[in-house]
Every structure is written in structure tokens, then in C-alpha cells.
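Data block below; observations after.
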Amino acid sequence: MQQITITTPDDWHLHFRDGEMLGETVPATARCFSRAIVMPNLVPPIVNAKLAMEYKNRILNARNEGSRFEPLMTLYLTNQTSQQDIIDAKQASVVAAKLYPAGATTNSAEAVSGIEALYPVFEEMQKQGMLLLVHGEVTENHVDIFDREKVFIDQYMAKIVKDFPALKVVFEHITTRDAAEFVLSSSHKVAATITPQHLLLNRNDLLVGGIRPHNYCLPVLKRSTHQNALRKAVASGSKQFFLGTDSAPHAKMAKENACGCAGCYSAWSALELYTQVFDELDALDKLEGFASFHGADFYGLPRNTSKLTLVKQQWTVPETVTLPNGEAIVPFFAGQAVNWKLA
Ligand code: DOR
Ligand code: ZN
């Protein structure tokens with residue numbers, strides 16, 4: 001197949017950041033995505049409806065003239081989150097709340113320790129029909145970083161899903177066969193997002209021949225058996241898997257550092273790279289479901305009605321992207337060839 005036309009997709013997990021950065025990140029995503037679930041891990045985090053609405057307005061103001069891109073806002077759960085916070089957020093059209101175990105990733109120091117303490121909040125979310133988005137990794141020092149997702153499933157995820165059978169739960173950016181199997185063995189109230197990097201790469205791409213800081217993200221890339229399980233999951237066409245880029249910009253200096261930040265800024269290439277993966281899997285007929293239908297259906301939102309076309313044409317991702325403040329970011333797949341291009 002040399003070209004494919006699909007319903008305009010949505011990105012069900014990304015990081016726009018704030019301030020001047022929005023002038024870069026919002027148009028980059030809006031070039032091909034109609035809506036996006038915006039992660040709340042700012043400093044300070046988005047912990048209530050008021051902060052979410054103010055942030056939403058800053059995002060709307062960063063759109064290019066005429067753009068109808070729609071940000072979908074989320075709340076950052078902390079040990080201080082109350083049931084009233086959930087009620088207020090729901091009323092303000094916040095669609096989901098994000099659970100970061102404390103210390104799991106970028107700006108998660110204020111997140112949750114002791115997940116059971118949040119049960120009254122989960123109860124309210126279940127009642128209000130607000131989705132729970134989970135960064136599924138334990139953070140205990142003694143647990144090997146490559147095992148943290150699996151241990152989280154065994155210690156927490158299985159229990160949350162069992163204790164709140166009516167709560168819609170998105171297992172975000174899954175990276176293991178264990179997570180894919182867990183989702184498939186759960187009810188249709190449980191789904192997962194999958195990033196382009198976890199479909200395209202494995203831990204060799206992080207560590208062989210030198211450390212590749214631009215492939216470093218959390219959860220960290222796993223071995224190829226897990227990568228292949230994720231590829232199989234998306235090629236299956238299961239409605240429980242959908243597109244979430246986890247596009248997460250960090251300045252070049254912060255990535256190429258003795259203690260480099262986690263995150264791949266993929267907004268400029270993600271849709272094209274997903275298309276490449278589905279093409280490699282001989283599953284282009286499953287791309288539209290993954291990119292444009294499953295997420296909207298799971299969130300209970302209308303599917304988009306517009307269309308976009310991708311053509312099989314090689315192009316090279318730029319080496320750097322320059323921010324409005326002059327700072328450089330190295331985008332995901334920088335300098336590498338991509339086989340599909342937005343028409
Ligand atoms: O690699 C990541 N970067 N994973 C996350 O969970 C957070 C993100 C970020 O905010 O930079
Ligand atoms: Zn993320």
C-alpha cells in the first residue's frame with residue numbers, strides 16, 4: 001500500500017509542558033491530532049479544576065490561528081486529593097485523573113505514596129465516570145528498574161481493577177508482555193496506551209554501542225521479547241489498545257547530561273512512526289482503530305469525523321527543534337529516516 005487515509009487521530013497521552021514551550025508543543029501535536037490527553041505533571045502539578053482550566057486556556061491560546069485542536073485535561077492525584085476535587089474537576093470537564101507513584105518519573109515527587117489511601121477518591125471517580133490513568137511502575141529502590149512494571153501489576157494494578165470493577169482504567173505507556181497480557185485478561189473497563197518508542201525500540205537501542213539518552217524514557221525500554229509482545233498486541237486490532245505518544249520534551253542539555261531526563265519528544269514523527277510499525281507488521285488495516293477509534297470509544301467521546309492521509313514516502317526527522325526561547329530540543333528519531341509522511 002502506498003497511501004492510507006484514516007479518520008483524524010487523537011493522542012491519548014502527552015506532555016505539553018507550559019509557558020513558552022507551548023508555542024512549540026501545541027502546534028506540533030495539532031498538525032495531525034484532533035484532541036490530546038494532556039498530562040498534569042507541571043511544576044507545581046495540576047491538582048484541581050481551577051489549575052486545569054487555567055492550563056487549558058494557555059494551551060488553547062498557543063494554537064495556530066484557525067486550529068480547532070482540543071486539549072482534554074487531567075488532574076494529578078496526590079495524597080491530598082479529596083472527593084470534592086474529583087466532583088469539581090468533573091464539572092469543569094476534566095476527563096481523567098493521573099496516578100503517579102511518588103518518584104516514578106519527571107516531576108512526580110508530589111505524587112502518591114500508599115495507593116490504598118486514595119480509595120475514597122477512586123470511589124468518587126468511579127461514581128462520576130472519571131477515568132483513572134496509571135503510571136504503572138513501583139518505585140522501591142530494591143526493585144530492578146526492568147521489573148518495576150510487572151511488580152506494579154502484581155502489587156497494585158490487579159487489586160485496583162478488582163476493587164473498582166466499574167472504574168475505567170488506562171494502563172499508560174505499557175512496556176511489557178506482562179502488561180499487555182494483564183490488559184487482555186481484564187474486563188473491557190481496562191485499556192492501555194502504547195508509545196511509538198516502545199513499538200520501535202528495545203533496550204539494545206538504549207545501551208548498545210554507547211548510551212543513547214534520546215531513547216531514554218520511563219518506563220524504560222525493555223528487551224525485544226516485550227517489544228514484540230506490544231507489536232503483536234497492536235496488530236491484533238484489540239480495542240483495549242490505543243495511541244498515546246507520551247511525547248515529552250526536555251531541553252537537549254537536560255537529556256545529554258550525566259543525569260539525563262526521561263522522555264522522548266515525538267510529536268513531529270509519532271503518527272508517521274506508528275504507521276511505519278503497522279506497515280512492517282502488515283497490519284495497516286488496524287491503524288485507524290488504534291489511532292482514531294479505540295481511544296475515543298474507551299473515553300466515551302465522539303469519534304472524529306475529518307480524515308487525513310499518509311503517503312509512503314521517506315523523509316528525515318530534523319536533528320534539532322528550536323524553541324521560541326532559542327533553546328534546542330532533539331526530537332525523537334532525530335536524523336533518522338521515516339518511511340511514511342503526512343500528506
Ligand atoms: O519518559 C517519560 N517522560 N515518562 C514519563 O512518565 C514522564 C515523561 C516526562 O514528563 O518527561
Ligand atoms: Zn507520560
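Order determines the names: the first chain of the C-alpha cells is A, the second B, and so forth; residues in each chain are numbered 1 upward, and ligands are numbered 1 upward as they are shown.
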
Shell around A:Leu51 at 12 Å using only C-alpha atoms, local window under 5 positions removed, as JSON, numbers by chain: {"A": [40, 41, 42, 43, 44, 45, 46, 56, 57, 58, 73, 74, 75, 76, 85, 88, 89, 92, 94]}

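Every residue having at least one atom no farther than 9 Å from ligand 2 is included below, with only C-alpha atoms and all ligand atoms taken into account: His13, Leu14, His15, Val38, Met39, Asn41, Thr105, Thr106, His135, Glu172, His173, Leu218, Gly244, Thr245, Asp246, Ser247, Ala248 and Gly263 of chain A.
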
Name all residues at most 9 Å from A:Ser292 (count only C-alpha atoms; drop same-chain ones fewer than 4 positions away) and give them as a PDB file with N, CA and C atoms, in the first residue's frame.
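Result went into result_27.pdb, see below:
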```pdb
ATOM      1  N   ILE A   6      -7.087   7.823   6.902  1.00  0.00           N
ATOM      2  CA  ILE A   6      -7.772   7.407   8.132  1.00  0.00           C
ATOM      3  C   ILE A   6      -8.514   8.590   8.751  1.00  0.00           C
ATOM      4  N   THR A   7      -9.459   8.283   9.615  1.00  0.00           N
ATOM      5  CA  THR A   7     -10.105   9.312  10.426  1.00  0.00           C
ATOM      6  C   THR A   7      -9.019  10.022  11.243  1.00  0.00           C
ATOM      7  N   THR A   8      -9.129  11.336  11.364  1.00  0.00           N
ATOM      8  CA  THR A   8      -8.113  12.091  12.107  1.00  0.00           C
ATOM      9  C   THR A   8      -7.933  11.492  13.506  1.00  0.00           C
ATOM     10  N   PRO A   9      -6.697  11.181  13.880  1.00  0.00           N
ATOM     11  CA  PRO A   9      -6.455  10.523  15.170  1.00  0.00           C
ATOM     12  C   PRO A   9      -6.409  11.494  16.352  1.00  0.00           C
ATOM     13  N   ASP A  10      -6.358  10.931  17.547  1.00  0.00           N
ATOM     14  CA  ASP A  10      -6.162  11.681  18.790  1.00  0.00           C
ATOM     15  C   ASP A  10      -4.953  11.079  19.496  1.00  0.00           C
ATOM     16  N   ASP A  11      -4.315  11.896  20.329  1.00  0.00           N
ATOM     17  CA  ASP A  11      -3.194  11.401  21.133  1.00  0.00           C
ATOM     18  C   ASP A  11      -3.671  11.288  22.581  1.00  0.00           C
ATOM     19  N   PHE A 242      -4.691   1.599  22.497  1.00  0.00           N
ATOM     20  CA  PHE A 242      -4.789   2.764  21.630  1.00  0.00           C
ATOM     21  C   PHE A 242      -3.574   3.681  21.732  1.00  0.00           C
ATOM     22  N   LEU A 243      -3.561   4.655  20.834  1.00  0.00           N
ATOM     23  CA  LEU A 243      -2.404   5.520  20.629  1.00  0.00           C
ATOM     24  C   LEU A 243      -2.229   6.521  21.777  1.00  0.00           C
ATOM     25  N   LEU A 287      -4.516   0.226  11.716  1.00  0.00           N
ATOM     26  CA  LEU A 287      -4.006   1.525  12.183  1.00  0.00           C
ATOM     27  C   LEU A 287      -5.130   2.459  12.623  1.00  0.00           C
ATOM     28  N   GLU A 288      -6.180   2.550  11.835  1.00  0.00           N
ATOM     29  CA  GLU A 288      -7.241   3.526  12.129  1.00  0.00           C
ATOM     30  C   GLU A 288      -7.926   3.224  13.465  1.00  0.00           C
ATOM     31  N   ALA A 296     -11.170   7.045  21.614  1.00  0.00           N
ATOM     32  CA  ALA A 296     -12.410   7.825  21.728  1.00  0.00           C
ATOM     33  C   ALA A 296     -13.527   6.951  22.301  1.00  0.00           C
ATOM     34  N   ARG A 303     -16.189   9.915  17.991  1.00  0.00           N
ATOM     35  CA  ARG A 303     -15.067   9.760  17.059  1.00  0.00           C
ATOM     36  C   ARG A 303     -14.953  11.020  16.209  1.00  0.00           C
ATOM     37  N   ASN A 304     -13.748  11.328  15.776  1.00  0.00           N
ATOM     38  CA  ASN A 304     -13.574  12.462  14.861  1.00  0.00           C
ATOM     39  C   ASN A 304     -14.231  12.132  13.528  1.00  0.00           C
TER      40      ASN A 304
END
```

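Counting only C-alpha atoms, the residue from A:Arg31, A:Arg63, A:Arg203, A:Lys90 that sits nearest to A:Ala49 is A:Lys90.
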
As a ChimeraX atom specification, which residues of stretch 226-314 of chain A does DSSP assign to strand (DSSP E or B)? /A:241-243,247,264,307-314

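Residues surrounding A:Lys222 within 10 Å are Ile145, Phe146, Asp147, Thr175, Thr176, Arg177, His198, Leu201, Asn202, Arg203, Asn204, Asp205, Leu206, Pro219, Thr225, His226 and Gln227 of chain A [only C-alpha atoms; sequence separation below 3 positions excluded].
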
What is the distance, in Å and to one decimal place, between atom CA of A:Ala233 and atom CA of A:Ala192? 10.3 Å

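Closest approach to A:Gln276 from the set A:Gly114, A:Gly295, A:Gly23, A:Pro196 is made by A:Pro196, with distances taken over only C-alpha atoms.
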
List as a PDB file with all heavy atoms, in the first residue's frame the protein and nucleic acid residues near A:Leu342, meaning an atom at most 8 Å away when only C-alpha atoms are counted, but skip any in the same chain fewer than 5 places from it.
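Contents of result-v8.pdb, freshly written:
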```pdb
ATOM      1  N   GLU A 272       3.590   9.159  11.977  1.00  0.00           N
ATOM      2  CA  GLU A 272       4.285   8.540  10.851  1.00  0.00           C
ATOM      3  C   GLU A 272       4.988   7.252  11.298  1.00  0.00           C
ATOM      4  O   GLU A 272       5.018   6.260  10.572  1.00  0.00           O
ATOM      5  CB  GLU A 272       5.307   9.524  10.279  1.00  0.00           C
ATOM      6  CG  GLU A 272       4.699  10.766   9.621  1.00  0.00           C
ATOM      7  CD  GLU A 272       4.349  11.902  10.585  1.00  0.00           C
ATOM      8  OE1 GLU A 272       4.256  11.649  11.812  1.00  0.00           O
ATOM      9  OE2 GLU A 272       4.159  13.044  10.126  1.00  0.00           O
ATOM     10  N   LEU A 308      -7.407  12.225   7.443  1.00  0.00           N
ATOM     11  CA  LEU A 308      -6.086  12.635   6.962  1.00  0.00           C
ATOM     12  C   LEU A 308      -5.434  11.485   6.207  1.00  0.00           C
ATOM     13  O   LEU A 308      -5.808  10.324   6.380  1.00  0.00           O
ATOM     14  CB  LEU A 308      -5.202  13.190   8.080  1.00  0.00           C
ATOM     15  CG  LEU A 308      -4.784  12.334   9.273  1.00  0.00           C
ATOM     16  CD1 LEU A 308      -3.821  11.255   8.881  1.00  0.00           C
ATOM     17  CD2 LEU A 308      -4.152  13.224  10.317  1.00  0.00           C
ATOM     18  N   THR A 309      -4.454  11.842   5.383  1.00  0.00           N
ATOM     19  CA  THR A 309      -3.801  10.849   4.529  1.00  0.00           C
ATOM     20  C   THR A 309      -2.307  10.808   4.808  1.00  0.00           C
ATOM     21  O   THR A 309      -1.675  11.853   5.002  1.00  0.00           O
ATOM     22  CB  THR A 309      -4.060  11.188   3.040  1.00  0.00           C
ATOM     23  OG1 THR A 309      -5.469  11.132   2.817  1.00  0.00           O
ATOM     24  CG2 THR A 309      -3.360  10.219   2.101  1.00  0.00           C
ATOM     25  N   LEU A 310      -1.781   9.597   4.854  1.00  0.00           N
ATOM     26  CA  LEU A 310      -0.334   9.397   4.952  1.00  0.00           C
ATOM     27  C   LEU A 310       0.137   8.707   3.678  1.00  0.00           C
ATOM     28  O   LEU A 310      -0.556   7.828   3.154  1.00  0.00           O
ATOM     29  CB  LEU A 310      -0.004   8.519   6.163  1.00  0.00           C
ATOM     30  CG  LEU A 310      -0.289   9.190   7.511  1.00  0.00           C
ATOM     31  CD1 LEU A 310      -1.163   8.326   8.379  1.00  0.00           C
ATOM     32  CD2 LEU A 310       1.014   9.530   8.219  1.00  0.00           C
ATOM     33  N   VAL A 311       1.301   9.128   3.187  1.00  0.00           N
ATOM     34  CA  VAL A 311       1.841   8.511   1.972  1.00  0.00           C
ATOM     35  C   VAL A 311       3.168   7.826   2.292  1.00  0.00           C
ATOM     36  O   VAL A 311       3.900   8.254   3.185  1.00  0.00           O
ATOM     37  CB  VAL A 311       2.063   9.556   0.840  1.00  0.00           C
ATOM     38  CG1 VAL A 311       0.734  10.078   0.334  1.00  0.00           C
ATOM     39  CG2 VAL A 311       2.941  10.697   1.309  1.00  0.00           C
TER      40      VAL A 311
END
```

Quick one: DSSP alpha helix (DSSP H) residues in stretch 41-163 of chain A, as a PyMOL selection string? chain A and resi 49-61+83-91+119-128+148-152+158-163

Filtering to N, CA and C atoms, could you give me those residues as a compact mmCIF listing (two decimals), in the first residue's frame?
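Saved the output as part.txt:
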```txt
# COMPACT_ATOMS: atom_id res chain seq x y z
N ALA A 49 -9.46 21.66 39.69
CA ALA A 49 -10.18 22.11 38.50
C ALA A 49 -9.71 23.49 38.05
N LYS A 50 -9.46 24.37 39.00
CA LYS A 50 -9.07 25.74 38.66
C LYS A 50 -7.75 25.74 37.88
N LEU A 51 -6.77 25.01 38.40
CA LEU A 51 -5.47 24.95 37.72
C LEU A 51 -5.62 24.30 36.34
N ALA A 52 -6.48 23.29 36.25
CA ALA A 52 -6.68 22.60 34.97
C ALA A 52 -7.29 23.55 33.94
N MET A 53 -8.26 24.36 34.37
CA MET A 53 -8.91 25.27 33.42
C MET A 53 -7.97 26.39 32.99
N GLU A 54 -7.15 26.87 33.92
CA GLU A 54 -6.18 27.91 33.55
C GLU A 54 -5.16 27.35 32.56
N TYR A 55 -4.72 26.12 32.82
CA TYR A 55 -3.75 25.47 31.92
C TYR A 55 -4.39 25.24 30.56
N LYS A 56 -5.65 24.81 30.57
CA LYS A 56 -6.34 24.58 29.30
C LYS A 56 -6.37 25.86 28.45
N ASN A 57 -6.64 26.97 29.11
CA ASN A 57 -6.68 28.24 28.36
C ASN A 57 -5.33 28.60 27.77
N ARG A 58 -4.26 28.34 28.53
CA ARG A 58 -2.93 28.64 27.98
C ARG A 58 -2.66 27.77 26.75
N ILE A 59 -3.13 26.53 26.80
CA ILE A 59 -2.94 25.63 25.64
C ILE A 59 -3.76 26.12 24.45
N LEU A 60 -5.02 26.48 24.72
CA LEU A 60 -5.88 26.97 23.62
C LEU A 60 -5.26 28.21 22.97
N ASN A 61 -4.67 29.06 23.79
CA ASN A 61 -4.07 30.29 23.26
C ASN A 61 -2.79 30.03 22.47
N GLN A 83 -12.43 13.95 47.56
CA GLN A 83 -13.56 13.58 46.71
C GLN A 83 -14.16 14.84 46.07
N GLN A 84 -14.16 15.93 46.83
CA GLN A 84 -14.68 17.19 46.28
C GLN A 84 -13.84 17.65 45.08
N ASP A 85 -12.53 17.43 45.14
CA ASP A 85 -11.67 17.79 43.99
C ASP A 85 -12.14 17.06 42.73
N ILE A 86 -12.55 15.80 42.91
CA ILE A 86 -13.00 15.00 41.76
C ILE A 86 -14.33 15.54 41.23
N ILE A 87 -15.23 15.84 42.16
CA ILE A 87 -16.55 16.37 41.75
C ILE A 87 -16.36 17.69 41.00
N ASP A 88 -15.54 18.57 41.54
CA ASP A 88 -15.29 19.88 40.90
C ASP A 88 -14.64 19.70 39.53
N ALA A 89 -13.69 18.79 39.46
CA ALA A 89 -12.97 18.57 38.20
C ALA A 89 -13.92 18.03 37.13
N LYS A 90 -14.75 17.09 37.52
CA LYS A 90 -15.70 16.50 36.57
C LYS A 90 -16.61 17.60 36.01
N GLN A 91 -17.06 18.48 36.91
CA GLN A 91 -17.94 19.57 36.48
C GLN A 91 -17.24 20.52 35.52
N TYR A 119 -8.32 5.26 48.00
CA TYR A 119 -9.53 4.51 47.66
C TYR A 119 -10.81 5.34 47.68
N PRO A 120 -10.98 6.26 48.66
CA PRO A 120 -12.19 7.10 48.62
C PRO A 120 -12.24 7.96 47.34
N VAL A 121 -11.07 8.37 46.87
CA VAL A 121 -11.00 9.16 45.63
C VAL A 121 -11.36 8.29 44.42
N PHE A 122 -10.83 7.08 44.37
CA PHE A 122 -11.18 6.16 43.28
C PHE A 122 -12.69 5.89 43.28
N GLU A 123 -13.24 5.75 44.49
CA GLU A 123 -14.68 5.50 44.65
C GLU A 123 -15.47 6.64 43.99
N GLU A 124 -15.05 7.87 44.26
CA GLU A 124 -15.73 9.04 43.69
C GLU A 124 -15.54 9.09 42.17
N MET A 125 -14.37 8.74 41.71
CA MET A 125 -14.11 8.74 40.26
C MET A 125 -15.01 7.72 39.57
N GLN A 126 -15.13 6.56 40.20
CA GLN A 126 -15.99 5.52 39.65
C GLN A 126 -17.42 6.05 39.54
N LYS A 127 -17.86 6.74 40.60
CA LYS A 127 -19.22 7.28 40.65
C LYS A 127 -19.42 8.36 39.58
N GLN A 128 -18.41 9.20 39.41
CA GLN A 128 -18.52 10.34 38.49
C GLN A 128 -18.23 9.96 37.03
N ARG A 148 9.93 -3.17 37.24
CA ARG A 148 9.03 -2.32 38.02
C ARG A 148 7.58 -2.32 37.52
N GLU A 149 7.39 -2.51 36.23
CA GLU A 149 6.03 -2.56 35.70
C GLU A 149 5.35 -3.87 36.13
N LYS A 150 6.05 -4.95 35.98
CA LYS A 150 5.50 -6.26 36.36
C LYS A 150 5.15 -6.29 37.86
N VAL A 151 6.05 -5.77 38.68
CA VAL A 151 5.79 -5.77 40.13
C VAL A 151 4.60 -4.87 40.45
N PHE A 152 4.46 -3.77 39.72
CA PHE A 152 3.30 -2.88 39.95
C PHE A 152 1.99 -3.61 39.64
N ALA A 158 -3.60 -5.11 39.72
CA ALA A 158 -4.60 -6.19 39.78
C ALA A 158 -5.63 -5.87 40.86
N LYS A 159 -5.16 -5.32 41.97
CA LYS A 159 -6.04 -5.01 43.10
C LYS A 159 -6.98 -3.82 42.78
N ILE A 160 -6.42 -2.78 42.18
CA ILE A 160 -7.26 -1.61 41.84
C ILE A 160 -8.39 -2.03 40.91
N VAL A 161 -8.03 -2.79 39.90
CA VAL A 161 -9.01 -3.20 38.89
C VAL A 161 -10.08 -4.11 39.50
N LYS A 162 -9.67 -4.95 40.43
CA LYS A 162 -10.61 -5.86 41.09
C LYS A 162 -11.52 -5.08 42.06
N ASP A 163 -10.93 -4.14 42.80
CA ASP A 163 -11.70 -3.41 43.82
C ASP A 163 -12.63 -2.36 43.22
```

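When only C-alpha atoms and all ligand atoms are used to measure the gap to ligand 1, the shortest distance among A:Glu70, A:Asp297, A:Glu116, A:Glu137 belongs to A:Glu137.
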